[in-house]
Structures are given as structure tokens and as C-alpha cells.
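Notes to accompany the following structure.
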Amino acid sequence: MNSAKNAPNPAKLTPNMGLKHRNTFGLDAVAELAYEITSAEQLPDLLKGLADQNQAWRPLGGGSNVILPNQLPGATLLINIPGQEIAQSDEQNTWVSVGAGVNWHEFVAWTLEQNLPGLENLALIPGTVGAAPIQNIGAYGVEIGQYIDHIEAFDAVSHDFVTLSQAACQFAYRDSYFKRHPKRYIVTKVVFKIPKPWKPRLQYADLANQFNDPDQPPSAKDIFTAVCQIRSQKLPDPKVIGNAGSFFQNPIVSNEQYETLFKQFPRLVSYPDAPGMRKLAAGWLIDQCGFKGQRMGSVGVYEKQALVLVNHGGANSEDILNLAKIIQEKVQKNFQVQLDIEPNIF
Ligand code: EPU
């Protein structure tokens, strides 16, 4: 804990910091007070000061799943906590401890260099390790929650550090306890538990098509490379065109509603979900409404993936949310399905 003996350097403060390069939508947001957090030990004093002054605050990771307003009042905590190490290993598992500020994709690449396969299906997802559990990032049949042993965080309610087990994180599809309680925890470290027995996960059609020879199963590195290729083809590179990946969650409906829709739209794309439920491909629904490649001023729907909204340059959060509303209304009208926005609206 934070004792005078080993007091950390205080977090670096930059007033009125432009965050255009700290959010993948490329929105021109300005943080009134931007604090760079490079060590968990900086948090207790800082959060106490903010609470005493009744200042608003929010943590920001890589900014790859957020919609920022033009002005962020109060404190924005840029979580840049570094470090990654193999913490423990036994015959069955390897535990890897990673600072919340580490870049997610670089971490996945590092696990493969360390001969720790398991996370390769999650390659090239933008953002940081600390943000990954918030929305329980997932792709190509894998969700990160499955691999998390526990999380270290600062609890803004008890003003102390806490350890949250995988169960306490309440992971679900694009959801977690953290996402539902955004003002409570600041994730400082994630400890992954990677099982040693490994087998490729190829159930997702795009991967199954590439590796269809049962006599030549792919290595984890082959899958990593394939996932990078698939993502680069389908999803826009935020360095080139601003976006936050999938803008809506794939909606989950009852089997009953699914059957009704399927009778009307036999090409409807869907996946099995929890018993009695079905997950629909939101990208397909939006595409069918004719939005793909459409533009509305500075914002638009990506031409290769209707689930991705893009900033063509100069957009603000209002422009994005206006387009989102138009899409939600049309999908509701045509399919009677509600689309929920996936990124966090600050
Ligand atoms: N589709 C269309 N038109 C489109 C887009 C999609 O018809 O414009 C159809 C596709 O043909 C496919 C289905 O919809 O049959 C699903 O599309 P895709 O395989 O591209 O996946 P997704 O459901 O759109 C989800 C995740 C992605 C993740 C991929 C791969 C969500 C909200 N999105 O997308 O995650 O990479 O599966 O697992 O669950 C993200 O969260 O930011 C993200 C990119």
C-alpha cells in the first residue's frame, strides 16, 4: 500500500490535454485535467484528492471502445501502467501478470513468443490489457473472461486495492461487473491463467475455411496471422479511419422472436446462445436496411462491415450518436429488434 517510505512519484498532470490521438474514433475531445498513471500506487492519494474536491473522474485505456464528448470535465486518468511477467506455472497452467496499460495486441504477440498459446484468436484487437475485461473482449469464438484468473483494481468506494476473482467479474457477452459499475473500480493489473494443453479453436467460419485440412492443423502462430489478416480485411484501421470496432452488440432475442423473424427473413444470420435464446448478427440487420457504405456528413457506416461506424474526419460524439439513432430506429422498424450501443459513452 501507499506508505511514506515508498511513496511513488505523483501522477503527471497535463491541463487541457487534447485526446484526439488517445481515442480510436479520432474525436477532438479535450480533458480538463489529464493525469498519467504509470503506477497503481499513485491512485490512493490522487483519488482521495479528487473525492475531497468533488471532482468528476474516469479512467481511460487505449480509447478504443469509447465515445468521448468535446470536453471532459474534471480528471481523466490515462492508465499507462506497464509490466508483464510469467508469475507462476504448474503442470496444467501458466499464470501471467500484466499491467493495465500494456497494449493488448502486443501482449498477445508476447504470449506466443513465450510459447503460451491460447489468446491467438484475440489478435489485433485495439486497446489495453486493463480495458479488455471491461467489455470482455471477444472474437473468433474466444472471450477473454475465460482466461482471467483475477484482477487487481483500486476500489473508489472503499479507497483501497482489491482483488476480484473471475467469478466476481461477472463476465458475459460484451459485459462485466466493471462495465455495469463504471465509477467503482480502476483496473491496475490483470492476471491471466493460460491452460497448457492447447488446441486450435476454429469453429468460426472465417477460420474454419482457411484451415480445413484435418491432417495439417494450424499452429497458434498460424491462427494469429490468419486472425490479423481477416480483421485487416473486414475492419477499418483506426490509424487511417476513426472507428471503435463493432458499434452495436449482436442482439440476443428469444427463440420465439427468432422463429417469427426467420419465417419472414430466411437469410437472417444468427447463432445459438443461452437456452431459449438466439444471437442475431447486427451487421446483417443493418446491412439489410441499406446502411452499408452510407455517409451522413462527417460520419458513416463502414463499406465492408455494417456494424462499424466511422469518422470520416471532424465528427463529434453528437454526429455519431445521431447516426446511431437513425440506424436503431430503422432496425427496430424493419425487424422489431433493439440494437444496444457497444462502446462506452463518456
Ligand atoms: N454481415 C453482413 N453484413 C455486414 C456485416 C456482417 O451480412 O455488413 C453478416 C456476415 O456475413 C456474417 C455475420 O453478419 O454472416 C457476422 O459478421 P462478422 O463475422 O463480421 O461478425 P460480427 O458479428 O459482425 C463479431 C464481433 C466482432 C468480432 C467478430 C468475430 C460483436 C459486437 N462483434 O462481429 O468484435 O471481431 O464477431 O468474432 O460481437 C468488436 O467487438 O469491436 C468486434 C470487432
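Simple scheme: letters A, B, ... for chains in C-alpha cells order, numbers from 1 for residues in each chain, numbers from 1 for ligands in the order shown.
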Can you check which parts of chain A lie within 9 Å of ligand 1? Per residue, the shortest pair of atoms and distance in Å to one decimal, counting only C-alpha atoms and all ligand atoms, sorted by chain and number, as JSON lines.
```
{"residue": "A:Ser64", "atom": "CA", "partner": "ligand 1", "partner_atom_place_in_ligand_line": "42 (O)", "distance": 8.7}
{"residue": "A:Asn65", "atom": "CA", "partner": "ligand 1", "partner_atom_place_in_ligand_line": "42 (O)", "distance": 7.6}
{"residue": "A:Asn121", "atom": "CA", "partner": "ligand 1", "partner_atom_place_in_ligand_line": "38 (O)", "distance": 8.6}
{"residue": "A:Leu122", "atom": "CA", "partner": "ligand 1", "partner_atom_place_in_ligand_line": "36 (O)", "distance": 8.2}
{"residue": "A:Ile125", "atom": "CA", "partner": "ligand 1", "partner_atom_place_in_ligand_line": "44 (C)", "distance": 7.6}
{"residue": "A:Pro126", "atom": "CA", "partner": "ligand 1", "partner_atom_place_in_ligand_line": "42 (O)", "distance": 8.7}
{"residue": "A:Gln135", "atom": "CA", "partner": "ligand 1", "partner_atom_place_in_ligand_line": "41 (O)", "distance": 8.5}
{"residue": "A:Ile137", "atom": "CA", "partner": "ligand 1", "partner_atom_place_in_ligand_line": "41 (O)", "distance": 6.5}
{"residue": "A:Gly138", "atom": "CA", "partner": "ligand 1", "partner_atom_place_in_ligand_line": "35 (O)", "distance": 6.2}
{"residue": "A:Ala139", "atom": "CA", "partner": "ligand 1", "partner_atom_place_in_ligand_line": "38 (O)", "distance": 3.3}
{"residue": "A:Tyr140", "atom": "CA", "partner": "ligand 1", "partner_atom_place_in_ligand_line": "38 (O)", "distance": 3.7}
{"residue": "A:Gly141", "atom": "CA", "partner": "ligand 1", "partner_atom_place_in_ligand_line": "38 (O)", "distance": 6.0}
{"residue": "A:Val142", "atom": "CA", "partner": "ligand 1", "partner_atom_place_in_ligand_line": "38 (O)", "distance": 7.8}
{"residue": "A:Tyr173", "atom": "CA", "partner": "ligand 1", "partner_atom_place_in_ligand_line": "39 (O)", "distance": 7.7}
{"residue": "A:Arg174", "atom": "CA", "partner": "ligand 1", "partner_atom_place_in_ligand_line": "39 (O)", "distance": 7.1}
{"residue": "A:Tyr204", "atom": "CA", "partner": "ligand 1", "partner_atom_place_in_ligand_line": "38 (O)", "distance": 7.2}
{"residue": "A:Ala205", "atom": "CA", "partner": "ligand 1", "partner_atom_place_in_ligand_line": "19 (O)", "distance": 8.0}
{"residue": "A:Asp206", "atom": "CA", "partner": "ligand 1", "partner_atom_place_in_ligand_line": "19 (O)", "distance": 7.5}
{"residue": "A:Arg231", "atom": "CA", "partner": "ligand 1", "partner_atom_place_in_ligand_line": "36 (O)", "distance": 7.0}
{"residue": "A:Lys234", "atom": "CA", "partner": "ligand 1", "partner_atom_place_in_ligand_line": "20 (O)", "distance": 6.9}
{"residue": "A:Leu235", "atom": "CA", "partner": "ligand 1", "partner_atom_place_in_ligand_line": "44 (C)", "distance": 7.1}
{"residue": "A:Ala244", "atom": "CA", "partner": "ligand 1", "partner_atom_place_in_ligand_line": "42 (O)", "distance": 6.4}
{"residue": "A:Gly245", "atom": "CA", "partner": "ligand 1", "partner_atom_place_in_ligand_line": "42 (O)", "distance": 3.6}
{"residue": "A:Ser246", "atom": "CA", "partner": "ligand 1", "partner_atom_place_in_ligand_line": "42 (O)", "distance": 3.8}
{"residue": "A:Phe247", "atom": "CA", "partner": "ligand 1", "partner_atom_place_in_ligand_line": "42 (O)", "distance": 6.9}
{"residue": "A:Phe248", "atom": "CA", "partner": "ligand 1", "partner_atom_place_in_ligand_line": "32 (C)", "distance": 5.7}
{"residue": "A:Gln249", "atom": "CA", "partner": "ligand 1", "partner_atom_place_in_ligand_line": "32 (C)", "distance": 4.0}
{"residue": "A:Asn250", "atom": "CA", "partner": "ligand 1", "partner_atom_place_in_ligand_line": "32 (C)", "distance": 5.0}
{"residue": "A:Pro251", "atom": "CA", "partner": "ligand 1", "partner_atom_place_in_ligand_line": "32 (C)", "distance": 8.5}
{"residue": "A:Leu268", "atom": "CA", "partner": "ligand 1", "partner_atom_place_in_ligand_line": "7 (O)", "distance": 8.7}
{"residue": "A:Val269", "atom": "CA", "partner": "ligand 1", "partner_atom_place_in_ligand_line": "15 (O)", "distance": 5.6}
{"residue": "A:Ser270", "atom": "CA", "partner": "ligand 1", "partner_atom_place_in_ligand_line": "13 (C)", "distance": 7.7}
{"residue": "A:Leu280", "atom": "CA", "partner": "ligand 1", "partner_atom_place_in_ligand_line": "23 (O)", "distance": 8.0}
{"residue": "A:Ala281", "atom": "CA", "partner": "ligand 1", "partner_atom_place_in_ligand_line": "14 (O)", "distance": 4.7}
{"residue": "A:Ala282", "atom": "CA", "partner": "ligand 1", "partner_atom_place_in_ligand_line": "23 (O)", "distance": 6.5}
{"residue": "A:Gly283", "atom": "CA", "partner": "ligand 1", "partner_atom_place_in_ligand_line": "5 (C)", "distance": 3.8}
{"residue": "A:Trp284", "atom": "CA", "partner": "ligand 1", "partner_atom_place_in_ligand_line": "7 (O)", "distance": 3.6}
{"residue": "A:Leu285", "atom": "CA", "partner": "ligand 1", "partner_atom_place_in_ligand_line": "7 (O)", "distance": 7.3}
{"residue": "A:Ile286", "atom": "CA", "partner": "ligand 1", "partner_atom_place_in_ligand_line": "8 (O)", "distance": 7.0}
{"residue": "A:Asp287", "atom": "CA", "partner": "ligand 1", "partner_atom_place_in_ligand_line": "8 (O)", "distance": 4.9}
{"residue": "A:Gln288", "atom": "CA", "partner": "ligand 1", "partner_atom_place_in_ligand_line": "7 (O)", "distance": 7.4}
{"residue": "A:Phe291", "atom": "CA", "partner": "ligand 1", "partner_atom_place_in_ligand_line": "8 (O)", "distance": 8.6}
{"residue": "A:Lys292", "atom": "CA", "partner": "ligand 1", "partner_atom_place_in_ligand_line": "8 (O)", "distance": 6.1}
{"residue": "A:Gly293", "atom": "CA", "partner": "ligand 1", "partner_atom_place_in_ligand_line": "8 (O)", "distance": 9.0}
{"residue": "A:Val301", "atom": "CA", "partner": "ligand 1", "partner_atom_place_in_ligand_line": "8 (O)", "distance": 8.9}
{"residue": "A:Tyr302", "atom": "CA", "partner": "ligand 1", "partner_atom_place_in_ligand_line": "8 (O)", "distance": 8.0}
{"residue": "A:Glu303", "atom": "CA", "partner": "ligand 1", "partner_atom_place_in_ligand_line": "8 (O)", "distance": 7.6}
{"residue": "A:Lys304", "atom": "CA", "partner": "ligand 1", "partner_atom_place_in_ligand_line": "8 (O)", "distance": 6.0}
{"residue": "A:Gln305", "atom": "CA", "partner": "ligand 1", "partner_atom_place_in_ligand_line": "8 (O)", "distance": 3.8}
{"residue": "A:Ala306", "atom": "CA", "partner": "ligand 1", "partner_atom_place_in_ligand_line": "8 (O)", "distance": 3.6}
{"residue": "A:Leu307", "atom": "CA", "partner": "ligand 1", "partner_atom_place_in_ligand_line": "24 (O)", "distance": 5.7}
{"residue": "A:Val308", "atom": "CA", "partner": "ligand 1", "partner_atom_place_in_ligand_line": "44 (C)", "distance": 7.9}
{"residue": "A:Glu342", "atom": "CA", "partner": "ligand 1", "partner_atom_place_in_ligand_line": "32 (C)", "distance": 7.0}
{"residue": "A:Pro343", "atom": "CA", "partner": "ligand 1", "partner_atom_place_in_ligand_line": "42 (O)", "distance": 8.4}
```
Those same residues - N, CA and C atoms - I'd like them written as a compact mmCIF listing (two decimals), in the first residue's frame.
```txt
# COMPACT_ATOMS: atom_id res chain seq x y z
N SER A 64 -10.21 2.73 -27.27
CA SER A 64 -10.68 2.04 -28.48
C SER A 64 -12.13 1.61 -28.39
N ASN A 65 -12.76 1.87 -27.24
CA ASN A 65 -14.17 1.46 -27.11
C ASN A 65 -14.97 2.54 -26.41
N ASN A 121 -6.68 -16.11 -30.98
CA ASN A 121 -7.92 -15.70 -31.67
C ASN A 121 -8.26 -14.23 -31.38
N LEU A 122 -7.62 -13.66 -30.36
CA LEU A 122 -7.93 -12.28 -29.96
C LEU A 122 -6.86 -11.30 -30.44
N ILE A 125 -6.90 -6.88 -31.65
CA ILE A 125 -7.96 -6.06 -31.04
C ILE A 125 -7.26 -4.83 -30.45
N PRO A 126 -7.72 -3.64 -30.82
CA PRO A 126 -7.06 -2.45 -30.29
C PRO A 126 -7.33 -2.27 -28.80
N GLN A 135 -15.24 -4.75 -21.23
CA GLN A 135 -16.28 -5.23 -22.16
C GLN A 135 -16.09 -6.70 -22.48
N ILE A 137 -13.64 -8.52 -24.00
CA ILE A 137 -13.39 -8.57 -25.44
C ILE A 137 -13.50 -10.00 -25.96
N GLY A 138 -14.00 -10.11 -27.17
CA GLY A 138 -14.18 -11.44 -27.75
C GLY A 138 -14.08 -11.39 -29.25
N ALA A 139 -13.59 -12.46 -29.83
CA ALA A 139 -13.55 -12.58 -31.29
C ALA A 139 -13.24 -14.02 -31.66
N TYR A 140 -13.80 -14.45 -32.77
CA TYR A 140 -13.50 -15.76 -33.35
C TYR A 140 -13.62 -16.90 -32.33
N GLY A 141 -14.72 -16.83 -31.57
CA GLY A 141 -15.07 -17.93 -30.68
C GLY A 141 -14.40 -17.91 -29.32
N VAL A 142 -13.66 -16.85 -28.98
CA VAL A 142 -12.98 -16.79 -27.68
C VAL A 142 -13.34 -15.47 -26.99
N TYR A 173 -21.44 -11.85 -22.41
CA TYR A 173 -21.17 -11.34 -23.76
C TYR A 173 -21.02 -9.81 -23.74
N ARG A 174 -19.83 -9.32 -24.06
CA ARG A 174 -19.51 -7.88 -24.10
C ARG A 174 -19.95 -7.17 -22.81
N TYR A 204 -15.25 -20.75 -35.82
CA TYR A 204 -15.72 -19.56 -36.53
C TYR A 204 -15.46 -19.75 -38.03
N ALA A 205 -16.52 -19.51 -38.83
CA ALA A 205 -16.48 -19.88 -40.25
C ALA A 205 -15.23 -19.34 -40.98
N ASP A 206 -14.88 -18.08 -40.72
CA ASP A 206 -13.74 -17.48 -41.44
C ASP A 206 -12.45 -18.25 -41.18
N ARG A 231 -9.11 -9.66 -39.79
CA ARG A 231 -9.51 -8.38 -39.19
C ARG A 231 -9.13 -7.21 -40.08
N LYS A 234 -11.63 -6.87 -42.91
CA LYS A 234 -13.03 -6.53 -42.58
C LYS A 234 -13.19 -5.23 -41.83
N LEU A 235 -12.18 -4.93 -41.00
CA LEU A 235 -12.34 -3.80 -40.07
C LEU A 235 -11.40 -2.66 -40.44
N ALA A 244 -14.61 2.57 -33.63
CA ALA A 244 -14.45 1.86 -32.35
C ALA A 244 -14.86 0.40 -32.51
N GLY A 245 -14.53 -0.19 -33.65
CA GLY A 245 -14.90 -1.59 -33.89
C GLY A 245 -16.41 -1.72 -33.99
N SER A 246 -16.93 -2.84 -33.55
CA SER A 246 -18.39 -3.03 -33.61
C SER A 246 -19.07 -1.94 -32.81
N PHE A 247 -20.02 -1.26 -33.42
CA PHE A 247 -20.66 -0.15 -32.72
C PHE A 247 -21.87 -0.61 -31.91
N PHE A 248 -22.49 -1.72 -32.34
CA PHE A 248 -23.63 -2.27 -31.61
C PHE A 248 -23.30 -3.69 -31.18
N GLN A 249 -23.93 -4.12 -30.10
CA GLN A 249 -23.82 -5.53 -29.72
C GLN A 249 -24.71 -6.36 -30.65
N ASN A 250 -24.33 -7.60 -30.83
CA ASN A 250 -25.23 -8.51 -31.53
C ASN A 250 -26.41 -8.78 -30.60
N PRO A 251 -27.64 -8.45 -31.01
CA PRO A 251 -28.77 -8.56 -30.08
C PRO A 251 -29.15 -10.02 -29.79
N LEU A 268 -31.70 -14.57 -42.54
CA LEU A 268 -31.27 -13.99 -41.25
C LEU A 268 -30.06 -14.76 -40.68
N VAL A 269 -28.99 -14.03 -40.29
CA VAL A 269 -27.81 -14.71 -39.72
C VAL A 269 -27.94 -14.71 -38.20
N SER A 270 -27.77 -15.90 -37.60
CA SER A 270 -27.92 -15.99 -36.14
C SER A 270 -27.07 -17.13 -35.60
N LEU A 280 -28.47 -12.64 -32.83
CA LEU A 280 -28.59 -12.23 -34.23
C LEU A 280 -27.37 -11.42 -34.65
N ALA A 281 -26.98 -11.51 -35.91
CA ALA A 281 -25.86 -10.70 -36.42
C ALA A 281 -26.36 -9.30 -36.71
N ALA A 282 -25.99 -8.36 -35.86
CA ALA A 282 -26.45 -6.97 -36.03
C ALA A 282 -25.96 -6.42 -37.37
N GLY A 283 -24.75 -6.82 -37.77
CA GLY A 283 -24.20 -6.34 -39.06
C GLY A 283 -25.12 -6.70 -40.21
N TRP A 284 -25.69 -7.89 -40.16
CA TRP A 284 -26.61 -8.33 -41.22
C TRP A 284 -27.87 -7.47 -41.20
N LEU A 285 -28.43 -7.25 -40.02
CA LEU A 285 -29.68 -6.45 -39.90
C LEU A 285 -29.46 -5.04 -40.47
N ILE A 286 -28.30 -4.45 -40.10
CA ILE A 286 -28.03 -3.07 -40.54
C ILE A 286 -27.79 -3.03 -42.05
N ASP A 287 -27.05 -4.03 -42.52
CA ASP A 287 -26.77 -4.16 -43.95
C ASP A 287 -28.09 -4.24 -44.73
N GLN A 288 -29.03 -5.07 -44.24
CA GLN A 288 -30.31 -5.26 -44.93
C GLN A 288 -31.12 -3.97 -44.99
N PHE A 291 -27.75 0.45 -45.03
CA PHE A 291 -26.85 1.48 -44.48
C PHE A 291 -25.38 1.32 -44.88
N LYS A 292 -25.00 0.12 -45.27
CA LYS A 292 -23.57 -0.13 -45.51
C LYS A 292 -22.99 0.87 -46.51
N GLY A 293 -21.88 1.48 -46.14
CA GLY A 293 -21.21 2.44 -47.02
C GLY A 293 -21.88 3.81 -47.08
N VAL A 301 -21.24 4.60 -42.23
CA VAL A 301 -21.23 3.17 -41.93
C VAL A 301 -20.15 2.57 -42.83
N TYR A 302 -19.24 1.80 -42.24
CA TYR A 302 -18.10 1.30 -43.00
C TYR A 302 -18.56 0.47 -44.19
N GLU A 303 -17.86 0.63 -45.29
CA GLU A 303 -18.32 0.00 -46.54
C GLU A 303 -18.18 -1.52 -46.54
N LYS A 304 -17.29 -2.06 -45.67
CA LYS A 304 -17.10 -3.52 -45.69
C LYS A 304 -17.73 -4.22 -44.50
N GLN A 305 -18.26 -3.48 -43.53
CA GLN A 305 -18.80 -4.10 -42.31
C GLN A 305 -19.82 -3.13 -41.72
N ALA A 306 -21.10 -3.47 -41.86
CA ALA A 306 -22.15 -2.52 -41.48
C ALA A 306 -22.24 -2.29 -39.98
N LEU A 307 -21.54 -3.12 -39.21
CA LEU A 307 -21.61 -2.96 -37.75
C LEU A 307 -20.65 -1.88 -37.23
N VAL A 308 -19.85 -1.35 -38.14
CA VAL A 308 -18.81 -0.39 -37.73
C VAL A 308 -19.17 1.01 -38.22
N GLU A 342 -22.48 -0.46 -28.26
CA GLU A 342 -21.45 -1.25 -27.58
C GLU A 342 -20.39 -0.39 -26.86
N PRO A 343 -19.79 0.61 -27.49
CA PRO A 343 -18.77 1.39 -26.76
C PRO A 343 -19.36 2.18 -25.59
```
Skip Trp104 in chain A itself and residues of its chain fewer than 3 positions away, then list as a list in words all residues within 9 Å of it, counting only C-alpha atoms. Gly101, Phe107, Val108, Ala109, Leu122, Ala123, Leu124, Ile125, Pro126, Gly127, Thr128, Val129, Gly130, Ala131 and Ala132 of chain A
Selection from above, N, CA and C atoms, as a PDB file, in the first residue's frame, can you write it?
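Now in selection-v1.pdb:
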```
ATOM      1  N   GLY A 101      -1.865  -0.955 -18.477  1.00  0.00           N
ATOM      2  CA  GLY A 101      -1.586  -0.057 -19.605  1.00  0.00           C
ATOM      3  C   GLY A 101      -0.918  -0.733 -20.790  1.00  0.00           C
ATOM      4  N   PHE A 107       0.693  -7.636 -26.205  1.00  0.00           N
ATOM      5  CA  PHE A 107       0.689  -8.674 -25.165  1.00  0.00           C
ATOM      6  C   PHE A 107       0.389 -10.048 -25.774  1.00  0.00           C
ATOM      7  N   VAL A 108      -0.606 -10.119 -26.661  1.00  0.00           N
ATOM      8  CA  VAL A 108      -0.939 -11.409 -27.296  1.00  0.00           C
ATOM      9  C   VAL A 108       0.281 -11.924 -28.063  1.00  0.00           C
ATOM     10  N   ALA A 109       0.941 -11.036 -28.817  1.00  0.00           N
ATOM     11  CA  ALA A 109       2.135 -11.444 -29.576  1.00  0.00           C
ATOM     12  C   ALA A 109       3.223 -11.964 -28.616  1.00  0.00           C
ATOM     13  N   LEU A 122      -7.623 -13.664 -30.365  1.00  0.00           N
ATOM     14  CA  LEU A 122      -7.928 -12.283 -29.961  1.00  0.00           C
ATOM     15  C   LEU A 122      -6.860 -11.299 -30.445  1.00  0.00           C
ATOM     16  N   ALA A 123      -6.098 -11.714 -31.463  1.00  0.00           N
ATOM     17  CA  ALA A 123      -5.057 -10.826 -32.013  1.00  0.00           C
ATOM     18  C   ALA A 123      -5.681  -9.586 -32.632  1.00  0.00           C
ATOM     19  N   LEU A 124      -4.898  -8.540 -32.664  1.00  0.00           N
ATOM     20  CA  LEU A 124      -5.205  -7.267 -33.359  1.00  0.00           C
ATOM     21  C   LEU A 124      -6.427  -6.510 -32.825  1.00  0.00           C
ATOM     22  N   ILE A 125      -6.901  -6.881 -31.647  1.00  0.00           N
ATOM     23  CA  ILE A 125      -7.959  -6.062 -31.040  1.00  0.00           C
ATOM     24  C   ILE A 125      -7.262  -4.831 -30.451  1.00  0.00           C
ATOM     25  N   PRO A 126      -7.721  -3.638 -30.820  1.00  0.00           N
ATOM     26  CA  PRO A 126      -7.059  -2.448 -30.291  1.00  0.00           C
ATOM     27  C   PRO A 126      -7.335  -2.267 -28.798  1.00  0.00           C
ATOM     28  N   GLY A 127      -6.542  -1.422 -28.145  1.00  0.00           N
ATOM     29  CA  GLY A 127      -6.804  -1.116 -26.738  1.00  0.00           C
ATOM     30  C   GLY A 127      -5.784  -1.734 -25.804  1.00  0.00           C
ATOM     31  N   THR A 128      -6.065  -1.611 -24.508  1.00  0.00           N
ATOM     32  CA  THR A 128      -5.111  -2.035 -23.486  1.00  0.00           C
ATOM     33  C   THR A 128      -5.597  -3.278 -22.739  1.00  0.00           C
ATOM     34  N   VAL A 129      -4.653  -3.889 -22.041  1.00  0.00           N
ATOM     35  CA  VAL A 129      -4.961  -5.079 -21.235  1.00  0.00           C
ATOM     36  C   VAL A 129      -5.983  -4.731 -20.139  1.00  0.00           C
ATOM     37  N   GLY A 130      -5.851  -3.561 -19.534  1.00  0.00           N
ATOM     38  CA  GLY A 130      -6.758  -3.179 -18.442  1.00  0.00           C
ATOM     39  C   GLY A 130      -8.185  -2.934 -18.911  1.00  0.00           C
ATOM     40  N   ALA A 131      -8.331  -2.538 -20.169  1.00  0.00           N
ATOM     41  CA  ALA A 131      -9.682  -2.286 -20.698  1.00  0.00           C
ATOM     42  C   ALA A 131     -10.327  -3.572 -21.190  1.00  0.00           C
ATOM     43  N   ALA A 132      -9.512  -4.578 -21.504  1.00  0.00           N
ATOM     44  CA  ALA A 132     -10.036  -5.811 -22.116  1.00  0.00           C
ATOM     45  C   ALA A 132     -11.149  -6.462 -21.283  1.00  0.00           C
TER      46      ALA A 132
END
```
I'd like the neighbourhood of Thr188 in chain A as a ChimeraX atom specification, where a residue qualifies if any of its atoms comes within 9 Å (using only C-alpha atoms), though same-chain residues fewer than 5 positions away should be ignored. /A:39-40,79,81,98-101,130,151-154
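Once range 177-179 of chain A and its same-chain neighbours fewer than 6 positions away are set aside, Ile134, Gln135, Cys169, Gln170 and Tyr185 of chain A remain within 7 Å of it when counting only C-alpha atoms.
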With N, CA, C and O atoms kept, could you save the residues just selected as a CSV table (one decimal), in the first residue's frame?
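Saved the output as selection11.csv:
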```csv
chain,number,residue,atom,x,y,z
A,134,ILE,N,-13.2,-5.0,-19.2
A,134,ILE,CA,-14.4,-4.2,-19.0
A,134,ILE,C,-15.5,-4.6,-19.9
A,134,ILE,O,-16.7,-4.9,-19.5
A,135,GLN,N,-15.2,-4.8,-21.2
A,135,GLN,CA,-16.3,-5.2,-22.2
A,135,GLN,C,-16.1,-6.7,-22.5
A,135,GLN,O,-16.7,-7.2,-23.4
A,169,CYS,N,-16.0,-10.9,-11.4
A,169,CYS,CA,-16.0,-10.0,-12.6
A,169,CYS,C,-17.3,-10.2,-13.4
A,169,CYS,O,-17.7,-9.3,-14.2
A,170,GLN,N,-18.1,-11.3,-13.1
A,170,GLN,CA,-19.4,-11.5,-13.8
A,170,GLN,C,-19.4,-11.3,-15.3
A,170,GLN,O,-20.1,-10.5,-15.9
A,185,TYR,N,-14.4,0.7,-10.0
A,185,TYR,CA,-13.0,0.1,-10.0
A,185,TYR,C,-12.1,0.7,-11.0
A,185,TYR,O,-12.6,1.0,-12.1
```
In Å to one decimal, how far is CA of Thr94 in chain A from CA of Lys193 in chain A?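 Those two atoms sit 5.7 Å apart.
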As a ChimeraX atom specification, please: the residues near range 113-119 of chain A (cut-off 10 Å, only C-alpha atoms, same-chain neighbours under 3 positions excluded). /A:86,93-96,105,107-110,122-123,142-144,147,193-201,219-221,223-224
Residue set, range 18-223 of chain A restricted to strand (DSSP E), as an MDAnalysis selection string: chainID A and resid 18 30:37 57:60 66:67 71:79 84:89 93:99 138:139 142:143 148:155 160:165 185:195
Just the residues within 6 Å of range 252-254 of chain A, please, counting only C-alpha atoms, with nothing from its chain fewer than 4 positions along; format it as a PyMOL selection string. chain A and resi 276-279
Please identify which residues in range 26-229 of chain A DSSP calls alpha helix (DSSP H) from the backbone, and express them as JSON, numbers by chain. {"A": [43, 44, 45, 46, 47, 48, 49, 50, 51, 52, 104, 105, 106, 107, 108, 109, 110, 111, 112, 113, 166, 167, 168, 169, 177, 178, 179, 180, 205, 206, 207, 208, 209, 210, 220, 221, 222, 223, 224, 225, 226, 227, 228, 229]}
Proximity to Leu72 in chain A - best of A:Pro15, A:Gly300, A:Gly26, A:Pro275, only C-alpha atoms: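 The answer is A:Pro15, which sits nearest to Leu72 in chain A.
When only C-alpha atoms are used to compute distances to Asn311 in chain A, the closest of the residues A:Asp273, A:Glu259, A:Asp237, A:Asp160 turns out to be A:Asp237.
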Pick from A:Val102, A:Pro272, A:Phe346, A:Asp175, whichever lies nearest to Thr76 in chain A using only C-alpha atoms: A:Phe346
Which residue of A:Ala11, A:Gln257, A:Val299, A:Gln229 approaches Val337 in chain A most closely, using only C-alpha atoms: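 Answer, going by the shortest atom-to-atom distance: A:Gln257.
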Using only C-alpha atoms, find each residue of range 212-305 of chain A with at least one atom at most 8 Å away from an atom of range 313-316 of chain A; report its shortest atom-to-atom pair and that distance in Å (one decimal), sort the rows by chain and rising residue number, and return the result as CSV.
```
residue,atom,partner,partner_atom,distance
A:Ile241,CA,A:Gly313,CA,7.9
A:Gly242,CA,A:Gly313,CA,7.7
A:Ser298,CA,A:Ala315,CA,5.2
A:Val299,CA,A:Ala315,CA,6.2
```
Go ahead and save the picked residues with N, CA and C atoms, as an mmCIF file, in the first residue's frame.
```cif
data_model
loop_
_atom_site.group_PDB
_atom_site.id
_atom_site.type_symbol
_atom_site.label_atom_id
_atom_site.label_comp_id
_atom_site.auth_asym_id
_atom_site.auth_seq_id
_atom_site.Cartn_x
_atom_site.Cartn_y
_atom_site.Cartn_z
ATOM 1 N N ILE A 241 -8.835 5.464 -40.523
ATOM 2 C CA ILE A 241 -10.208 5.996 -40.439
ATOM 3 C C ILE A 241 -10.769 5.701 -39.039
ATOM 4 N N GLY A 242 -11.188 6.756 -38.367
ATOM 5 C CA GLY A 242 -11.616 6.622 -36.971
ATOM 6 C C GLY A 242 -12.790 5.679 -36.802
ATOM 7 N N SER A 298 -19.981 13.995 -41.600
ATOM 8 C CA SER A 298 -18.634 13.519 -41.272
ATOM 9 C C SER A 298 -18.613 12.083 -40.742
ATOM 10 N N VAL A 299 -19.785 11.459 -40.600
ATOM 11 C CA VAL A 299 -19.816 10.080 -40.091
ATOM 12 C C VAL A 299 -20.429 9.137 -41.136
#
```
Residues of range 72-123 of chain A within 6 Å of range 32-36 of chain A: nearest atom pair and distance (Å, one decimal) for each, counting only C-alpha atoms, sorted by chain and number, as a Markdown table?
```
| residue | atom | partner | partner_atom | distance |
| --- | --- | --- | --- | --- |
| A:Leu72 | CA | A:Glu32 | CA | 6.0 |
| A:Pro73 | CA | A:Glu32 | CA | 5.3 |
| A:Gly74 | CA | A:Glu32 | CA | 5.8 |
| A:Ala75 | CA | A:Leu33 | CA | 4.7 |
| A:Thr76 | CA | A:Ala34 | CA | 4.9 |
| A:Leu77 | CA | A:Tyr35 | CA | 4.9 |
| A:Leu78 | CA | A:Glu36 | CA | 4.8 |
```
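The spacing separating CA of Gln42 in chain A from CA of Val191 in chain A amounts to 20.1 Å.
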